[in-house]
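This report concerns only the one structure given below.
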Amino acid sequence: MEEELKSLIKVLVFTIISVSYCYYLPPRIKSGLPRFLSVSPFLALFLVLPLFFSTVHLSFITAFFLTWLANFKLILFSFDKGPLVPVPASLSRFLCFTCFPIKTQQNPKPQTHLPILAFAVKVAIFGVLLNLYDYKQTLPPVLLLGLYFLHMYLEIEIILTLLKVFVSISLGCDLEPQSNKPYLATSLQDFWGRRWNTIVPTILKPAVYKPMRQVSERRMSSDWALYSGILVTFTVSGLVHDLLFFYLTREMPTGEVTLFFMLQGVCLAAELAVKKKTTMMQRWKLSPVVSRILTVGFVFLSGSWLMIPQLARSGVVEKYINEGLFLVSFLKHKFI
(Lines give C-alpha, C1' and ligand atoms only; values in the text may rest on other atoms or scores of the structure.)
Protein backbone atom coordinates (compact mmCIF):
# COMPACT_ATOMS: atom_id res chain seq x y z
CA MET A 1 0.00 0.00 0.00
CA GLU A 2 2.88 2.37 0.80
CA GLU A 3 4.44 1.81 -2.62
CA GLU A 4 1.07 2.44 -4.31
CA LEU A 5 0.75 5.73 -2.41
CA LYS A 6 4.20 6.82 -3.59
CA SER A 7 3.28 5.87 -7.15
CA LEU A 8 0.02 7.80 -6.86
CA ILE A 9 1.88 10.95 -5.77
CA LYS A 10 4.30 10.58 -8.70
CA VAL A 11 1.46 10.15 -11.19
CA LEU A 12 -0.40 13.16 -9.79
CA VAL A 13 2.72 15.34 -10.04
CA PHE A 14 3.48 14.19 -13.61
CA THR A 15 -0.13 14.77 -14.62
CA ILE A 16 -0.37 18.28 -13.18
CA ILE A 17 2.93 19.32 -14.78
CA SER A 18 1.98 17.80 -18.15
CA VAL A 19 -1.52 19.32 -18.28
CA SER A 20 -0.17 22.70 -17.11
CA TYR A 21 2.26 22.70 -20.03
CA CYS A 22 -0.57 21.79 -22.43
CA TYR A 23 -2.65 24.65 -21.07
CA TYR A 24 -0.02 27.39 -21.37
CA LEU A 25 2.14 26.59 -24.40
CA PRO A 26 0.33 24.58 -27.15
CA PRO A 27 -2.54 27.13 -27.54
CA ARG A 28 0.12 29.59 -28.75
CA ILE A 29 1.23 27.13 -31.42
CA LYS A 30 -0.52 26.77 -34.77
CA SER A 31 -3.18 24.08 -34.71
CA GLY A 32 -2.54 20.91 -36.67
CA LEU A 33 0.70 18.97 -36.88
CA PRO A 34 2.86 21.61 -35.07
CA ARG A 35 0.58 21.64 -32.02
CA PHE A 36 0.23 17.84 -32.11
CA LEU A 37 4.03 17.47 -32.04
CA SER A 38 4.18 19.84 -29.08
CA VAL A 39 1.88 17.63 -26.99
CA SER A 40 3.08 14.24 -28.30
CA PRO A 41 5.67 13.68 -25.51
CA PHE A 42 2.89 13.91 -22.96
CA LEU A 43 0.67 11.59 -24.98
CA ALA A 44 3.49 9.05 -24.72
CA LEU A 45 3.87 9.72 -20.99
CA PHE A 46 0.16 9.09 -20.38
CA LEU A 47 0.60 5.69 -22.05
CA VAL A 48 3.21 4.76 -19.44
CA LEU A 49 1.71 6.14 -16.20
CA PRO A 50 -0.80 3.29 -15.60
CA LEU A 51 2.16 0.90 -15.38
CA PHE A 52 3.29 2.67 -12.20
CA PHE A 53 0.60 0.79 -10.24
CA SER A 54 0.21 -2.84 -9.23
CA THR A 55 -3.39 -2.63 -8.02
CA VAL A 56 -6.18 -3.17 -10.54
CA HIS A 57 -8.27 -0.19 -9.44
CA LEU A 58 -5.51 2.43 -9.70
CA SER A 59 -4.21 0.97 -12.97
CA PHE A 60 -7.69 1.06 -14.50
CA ILE A 61 -8.59 4.54 -13.24
CA THR A 62 -5.28 6.00 -14.46
CA ALA A 63 -5.57 4.26 -17.83
CA PHE A 64 -9.17 5.42 -18.28
CA PHE A 65 -8.59 9.04 -17.23
CA LEU A 66 -5.19 9.61 -18.84
CA THR A 67 -4.46 7.02 -21.53
CA TRP A 68 -8.00 7.02 -22.89
CA LEU A 69 -9.71 10.34 -22.15
CA ALA A 70 -6.83 12.80 -21.79
CA ASN A 71 -4.91 11.50 -24.80
CA PHE A 72 -7.92 11.59 -27.13
CA LYS A 73 -8.95 15.05 -25.91
CA LEU A 74 -5.42 16.41 -26.37
CA ILE A 75 -5.23 14.95 -29.89
CA LEU A 76 -8.50 16.67 -30.76
CA PHE A 77 -7.24 19.83 -29.05
CA SER A 78 -4.22 19.77 -31.36
CA PHE A 79 -6.56 20.22 -34.32
CA ASP A 80 -8.88 22.76 -32.65
CA LYS A 81 -11.60 20.20 -32.00
CA GLY A 82 -13.20 18.47 -29.06
CA PRO A 83 -14.26 19.51 -25.54
CA LEU A 84 -11.08 21.54 -24.86
CA VAL A 85 -11.96 24.07 -27.57
CA PRO A 86 -12.42 26.87 -26.74
CA VAL A 87 -9.73 26.60 -24.08
CA PRO A 88 -11.27 26.64 -20.57
CA ALA A 89 -10.83 29.90 -18.71
CA SER A 90 -8.60 28.55 -15.92
CA LEU A 91 -5.96 25.88 -15.42
CA SER A 92 -8.15 24.02 -12.91
CA ARG A 93 -10.98 23.78 -15.47
CA PHE A 94 -8.57 22.70 -18.20
CA LEU A 95 -7.15 20.01 -15.91
CA CYS A 96 -10.60 18.66 -15.00
CA PHE A 97 -11.96 18.72 -18.54
CA THR A 98 -8.79 17.07 -19.88
CA CYS A 99 -8.56 14.18 -17.45
CA PHE A 100 -12.08 13.48 -16.27
CA PRO A 101 -15.12 12.09 -18.13
CA ILE A 102 -17.09 15.30 -17.85
CA LYS A 103 -18.59 17.88 -20.16
CA THR A 104 -20.68 20.98 -19.63
CA GLN A 105 -24.38 20.74 -20.33
CA GLN A 106 -25.47 22.25 -23.63
CA ASN A 107 -28.83 23.33 -22.19
CA PRO A 108 -28.38 23.32 -18.43
CA LYS A 109 -31.53 22.84 -16.40
CA PRO A 110 -32.04 24.25 -12.94
CA GLN A 111 -31.30 21.56 -10.38
CA THR A 112 -32.36 22.10 -6.81
CA HIS A 113 -31.07 18.80 -5.41
CA LEU A 114 -28.79 15.92 -6.21
CA PRO A 115 -30.35 12.54 -7.02
CA ILE A 116 -29.57 11.32 -3.51
CA LEU A 117 -32.18 8.55 -3.51
CA ALA A 118 -30.93 6.98 -6.75
CA PHE A 119 -27.34 7.18 -5.51
CA ALA A 120 -28.29 5.63 -2.14
CA VAL A 121 -30.06 2.75 -3.90
CA LYS A 122 -26.97 2.04 -6.00
CA VAL A 123 -24.75 2.07 -2.92
CA ALA A 124 -27.16 -0.27 -1.09
CA ILE A 125 -27.27 -2.72 -4.02
CA PHE A 126 -23.48 -2.59 -4.25
CA GLY A 127 -23.23 -3.45 -0.55
CA VAL A 128 -25.57 -6.43 -0.96
CA LEU A 129 -23.59 -7.59 -3.97
CA LEU A 130 -20.31 -7.57 -2.01
CA ASN A 131 -21.90 -9.79 0.64
CA LEU A 132 -23.07 -12.22 -2.04
CA TYR A 133 -19.45 -12.99 -2.91
CA ASP A 134 -19.27 -14.99 0.34
CA TYR A 135 -21.49 -17.53 -1.43
CA LYS A 136 -19.89 -17.39 -4.87
CA GLN A 137 -18.79 -21.03 -4.72
CA THR A 138 -22.44 -22.07 -4.74
CA LEU A 139 -23.64 -19.61 -7.38
CA PRO A 140 -24.27 -20.71 -11.00
CA PRO A 141 -21.58 -19.43 -13.44
CA VAL A 142 -24.10 -17.36 -15.42
CA LEU A 143 -25.35 -15.64 -12.26
CA LEU A 144 -21.77 -15.01 -11.17
CA LEU A 145 -21.00 -13.38 -14.52
CA GLY A 146 -24.06 -11.19 -14.04
CA LEU A 147 -22.77 -10.16 -10.61
CA TYR A 148 -19.38 -9.25 -12.10
CA PHE A 149 -21.05 -7.00 -14.70
CA LEU A 150 -23.29 -5.43 -12.05
CA HIS A 151 -20.32 -4.94 -9.75
CA MET A 152 -18.30 -3.07 -12.39
CA TYR A 153 -21.28 -0.99 -13.49
CA LEU A 154 -22.23 0.06 -9.95
CA GLU A 155 -18.66 0.79 -8.89
CA ILE A 156 -18.05 2.95 -11.96
CA GLU A 157 -21.38 4.74 -11.42
CA ILE A 158 -20.62 5.44 -7.75
CA ILE A 159 -17.09 6.70 -8.45
CA LEU A 160 -18.18 8.91 -11.35
CA THR A 161 -21.15 10.29 -9.41
CA LEU A 162 -18.87 11.34 -6.53
CA LEU A 163 -16.41 12.78 -9.05
CA LYS A 164 -19.21 14.67 -10.79
CA VAL A 165 -20.40 16.20 -7.51
CA PHE A 166 -16.85 17.16 -6.50
CA VAL A 167 -16.00 18.73 -9.87
CA SER A 168 -19.39 20.43 -10.13
CA ILE A 169 -18.91 22.09 -6.74
CA SER A 170 -15.27 22.96 -7.46
CA LEU A 171 -15.89 24.44 -10.91
CA GLY A 172 -19.32 25.88 -10.18
CA CYS A 173 -20.88 24.56 -13.39
CA ASP A 174 -23.46 21.98 -14.46
CA LEU A 175 -22.09 18.74 -15.84
CA GLU A 176 -23.57 16.07 -18.07
CA PRO A 177 -24.36 12.71 -16.44
CA GLN A 178 -21.88 9.94 -17.31
CA SER A 179 -24.58 7.45 -18.21
CA ASN A 180 -28.31 7.66 -18.80
CA LYS A 181 -29.85 4.47 -17.39
CA PRO A 182 -28.27 2.08 -19.93
CA TYR A 183 -30.47 -0.76 -18.65
CA LEU A 184 -33.44 1.03 -20.25
CA ALA A 185 -31.92 1.05 -23.76
CA THR A 186 -34.36 -0.13 -26.43
CA SER A 187 -31.79 -0.58 -29.22
CA LEU A 188 -28.03 -0.76 -29.74
CA GLN A 189 -28.14 2.76 -31.17
CA ASP A 190 -29.86 3.91 -27.98
CA PHE A 191 -27.43 2.00 -25.74
CA TRP A 192 -24.13 3.05 -27.32
CA GLY A 193 -25.13 6.47 -28.63
CA ARG A 194 -27.22 7.97 -25.83
CA ARG A 195 -27.04 5.92 -22.66
CA TRP A 196 -23.70 4.22 -22.01
CA ASN A 197 -20.67 6.37 -21.07
CA THR A 198 -21.98 9.47 -22.83
CA ILE A 199 -18.61 11.26 -22.88
CA VAL A 200 -17.03 8.64 -25.19
CA PRO A 201 -19.28 9.31 -28.23
CA THR A 202 -18.47 13.03 -27.96
CA ILE A 203 -14.78 12.14 -28.30
CA LEU A 204 -14.91 9.33 -30.87
CA LYS A 205 -17.38 11.13 -33.12
CA PRO A 206 -15.03 14.01 -34.10
CA ALA A 207 -11.85 11.94 -33.70
CA VAL A 208 -12.80 8.84 -35.72
CA TYR A 209 -16.36 8.70 -37.01
CA LYS A 210 -16.62 12.01 -38.89
CA PRO A 211 -13.19 11.82 -40.61
CA MET A 212 -13.81 8.21 -41.63
CA ARG A 213 -17.26 9.00 -42.97
CA GLN A 214 -15.98 11.99 -44.94
CA VAL A 215 -13.24 9.88 -46.54
CA SER A 216 -15.65 7.02 -47.28
CA GLU A 217 -18.22 9.32 -48.96
CA ARG A 218 -15.70 10.03 -51.73
CA ARG A 219 -15.80 6.40 -52.84
CA MET A 220 -19.20 5.04 -51.78
CA SER A 221 -22.78 6.03 -51.09
CA SER A 222 -23.79 7.97 -48.00
CA ASP A 223 -25.36 4.91 -46.37
CA TRP A 224 -22.27 2.73 -46.83
CA ALA A 225 -20.09 5.60 -45.60
CA LEU A 226 -22.27 5.71 -42.47
CA TYR A 227 -21.78 1.98 -41.87
CA SER A 228 -18.02 2.12 -42.48
CA GLY A 229 -17.74 5.05 -40.05
CA ILE A 230 -19.56 3.02 -37.39
CA LEU A 231 -17.40 -0.09 -37.93
CA VAL A 232 -14.11 1.81 -37.82
CA THR A 233 -15.22 3.76 -34.72
CA PHE A 234 -16.12 0.59 -32.84
CA THR A 235 -12.87 -1.05 -33.97
CA VAL A 236 -10.83 1.86 -32.61
CA SER A 237 -12.81 1.71 -29.38
CA GLY A 238 -12.08 -2.01 -29.18
CA LEU A 239 -8.34 -1.47 -29.66
CA VAL A 240 -8.33 1.15 -26.90
CA HIS A 241 -10.22 -1.22 -24.59
CA ASP A 242 -7.73 -3.96 -25.42
CA LEU A 243 -5.01 -1.56 -24.29
CA LEU A 244 -6.94 -0.91 -21.06
CA PHE A 245 -7.18 -4.66 -20.52
CA PHE A 246 -3.41 -4.90 -21.00
CA TYR A 247 -2.89 -2.48 -18.13
CA LEU A 248 -5.13 -4.67 -15.97
CA THR A 249 -3.76 -8.10 -16.91
CA ARG A 250 -0.18 -7.16 -17.95
CA GLU A 251 -0.60 -9.81 -20.64
CA MET A 252 -0.57 -9.43 -24.42
CA PRO A 253 -4.09 -8.71 -25.73
CA THR A 254 -5.94 -11.66 -27.21
CA GLY A 255 -8.13 -9.52 -29.47
CA GLU A 256 -11.32 -10.74 -27.79
CA VAL A 257 -12.21 -7.26 -26.56
CA THR A 258 -11.69 -5.72 -29.98
CA LEU A 259 -13.83 -8.50 -31.44
CA PHE A 260 -16.58 -7.65 -28.94
CA PHE A 261 -16.69 -4.03 -30.08
CA MET A 262 -16.47 -4.99 -33.75
CA LEU A 263 -19.46 -7.27 -33.19
CA GLN A 264 -21.36 -4.38 -31.60
CA GLY A 265 -20.47 -2.18 -34.58
CA VAL A 266 -21.61 -4.78 -37.13
CA CYS A 267 -24.90 -5.34 -35.29
CA LEU A 268 -25.49 -1.59 -34.89
CA ALA A 269 -24.86 -1.03 -38.60
CA ALA A 270 -27.25 -3.87 -39.41
CA GLU A 271 -29.85 -2.39 -37.06
CA LEU A 272 -29.62 0.99 -38.81
CA ALA A 273 -29.77 -0.68 -42.24
CA VAL A 274 -32.98 -2.46 -41.30
CA LYS A 275 -34.48 0.78 -40.03
CA LYS A 276 -33.49 2.63 -43.19
CA LYS A 277 -34.33 0.06 -45.84
CA THR A 278 -37.58 -1.47 -44.65
CA THR A 279 -40.95 -0.20 -43.57
CA MET A 280 -41.49 -3.25 -41.38
CA MET A 281 -40.01 -1.46 -38.38
CA GLN A 282 -42.52 1.36 -38.83
CA ARG A 283 -45.51 -0.99 -39.03
CA TRP A 284 -44.48 -3.44 -36.36
CA LYS A 285 -42.59 -2.39 -33.26
CA LEU A 286 -41.59 -4.45 -30.26
CA SER A 287 -42.81 -3.27 -26.90
CA PRO A 288 -40.22 -1.25 -24.91
CA VAL A 289 -39.90 -4.05 -22.34
CA VAL A 290 -39.05 -6.67 -24.98
CA SER A 291 -36.68 -4.27 -26.76
CA ARG A 292 -34.84 -3.59 -23.51
CA ILE A 293 -34.49 -7.27 -22.69
CA LEU A 294 -33.15 -8.05 -26.17
CA THR A 295 -30.75 -5.08 -26.22
CA VAL A 296 -29.30 -5.41 -22.74
CA GLY A 297 -29.34 -9.20 -23.04
CA PHE A 298 -27.32 -9.08 -26.26
CA VAL A 299 -24.71 -6.73 -24.77
CA PHE A 300 -24.50 -8.85 -21.61
CA LEU A 301 -24.21 -12.20 -23.39
CA SER A 302 -21.67 -11.00 -25.95
CA GLY A 303 -19.67 -9.35 -23.16
CA SER A 304 -19.77 -12.56 -21.11
CA TRP A 305 -18.50 -14.44 -24.15
CA LEU A 306 -15.71 -12.08 -25.25
CA MET A 307 -14.74 -9.72 -22.39
CA ILE A 308 -15.06 -11.34 -18.98
CA PRO A 309 -13.23 -14.65 -19.81
CA GLN A 310 -9.94 -12.84 -20.48
CA LEU A 311 -10.13 -11.10 -17.10
CA ALA A 312 -11.15 -14.31 -15.36
CA ARG A 313 -8.28 -16.32 -16.90
CA SER A 314 -5.72 -13.78 -15.76
CA GLY A 315 -7.13 -13.60 -12.23
CA VAL A 316 -7.97 -9.90 -12.59
CA VAL A 317 -11.63 -10.35 -11.65
CA GLU A 318 -10.69 -12.08 -8.39
CA LYS A 319 -8.08 -9.43 -7.64
CA TYR A 320 -10.50 -6.63 -8.50
CA ILE A 321 -13.15 -8.01 -6.13
CA ASN A 322 -10.66 -8.64 -3.32
CA GLU A 323 -9.37 -5.08 -3.59
CA GLY A 324 -12.94 -3.78 -3.33
CA LEU A 325 -13.68 -5.98 -0.32
CA PHE A 326 -10.45 -4.87 1.36
CA LEU A 327 -11.29 -1.20 0.80
CA VAL A 328 -14.82 -1.64 2.20
CA SER A 329 -13.44 -3.47 5.23
CA PHE A 330 -10.83 -0.76 5.77
CA LEU A 331 -13.43 2.02 5.62
CA LYS A 332 -15.72 0.17 8.04
CA HIS A 333 -12.97 -0.18 10.64
CA LYS A 334 -11.82 3.38 10.09
CA PHE A 335 -15.10 5.29 10.18
CA ILE A 336 -17.76 3.01 11.68
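Letters for chains follow the order of the C-alpha coordinates (A, B, ...), residue numbers begin at 1 for each chain, and ligand numbers begin at 1 in the order shown.
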
Residues of segment 18-101 of chain A in alpha helix (DSSP H), written as JSON, numbers by chain: {"A": [18, 19, 20, 21, 22, 23, 24, 33, 34, 35, 36, 37, 38, 39, 40, 41, 42, 43, 44, 45, 46, 47, 48, 56, 57, 58, 59, 60, 61, 62, 71, 72, 73, 74, 75, 76, 77, 78, 91, 92, 93, 94, 95, 96, 97, 98, 99]}

If you take only C-alpha atoms and a cut-off of 8 Å, which residues of segment 31-79 of chain A touch segment 195-210 of chain A, and what are their nearest atom pairs and distances in Å to one decimal, in chain and number order, as JSON lines?
```
{"residue": "A:Phe72", "atom": "CA", "partner": "A:Ile203", "partner_atom": "CA", "distance": 7.0}
{"residue": "A:Lys73", "atom": "CA", "partner": "A:Ile203", "partner_atom": "CA", "distance": 6.9}
{"residue": "A:Leu76", "atom": "CA", "partner": "A:Ala207", "partner_atom": "CA", "distance": 6.5}
```

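One finds atom CA of Leu268 of chain A at 28.3 Å from atom CA of Leu74 of chain A.
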
Residues near Ser54 of chain A, cut-off 12 Å, only C-alpha atoms, skip fewer than 3 positions along chain, as a PyMOL selection string: chain A and resi 1-8+49-51+57-60+62+247-250+316+319-320+323

Spatial neighbours of segment 36-39 of chain A, 7 Å, only C-alpha atoms, chain gap at least 6 places, as a PyMOL selection string: chain A and resi 22+26+75+78
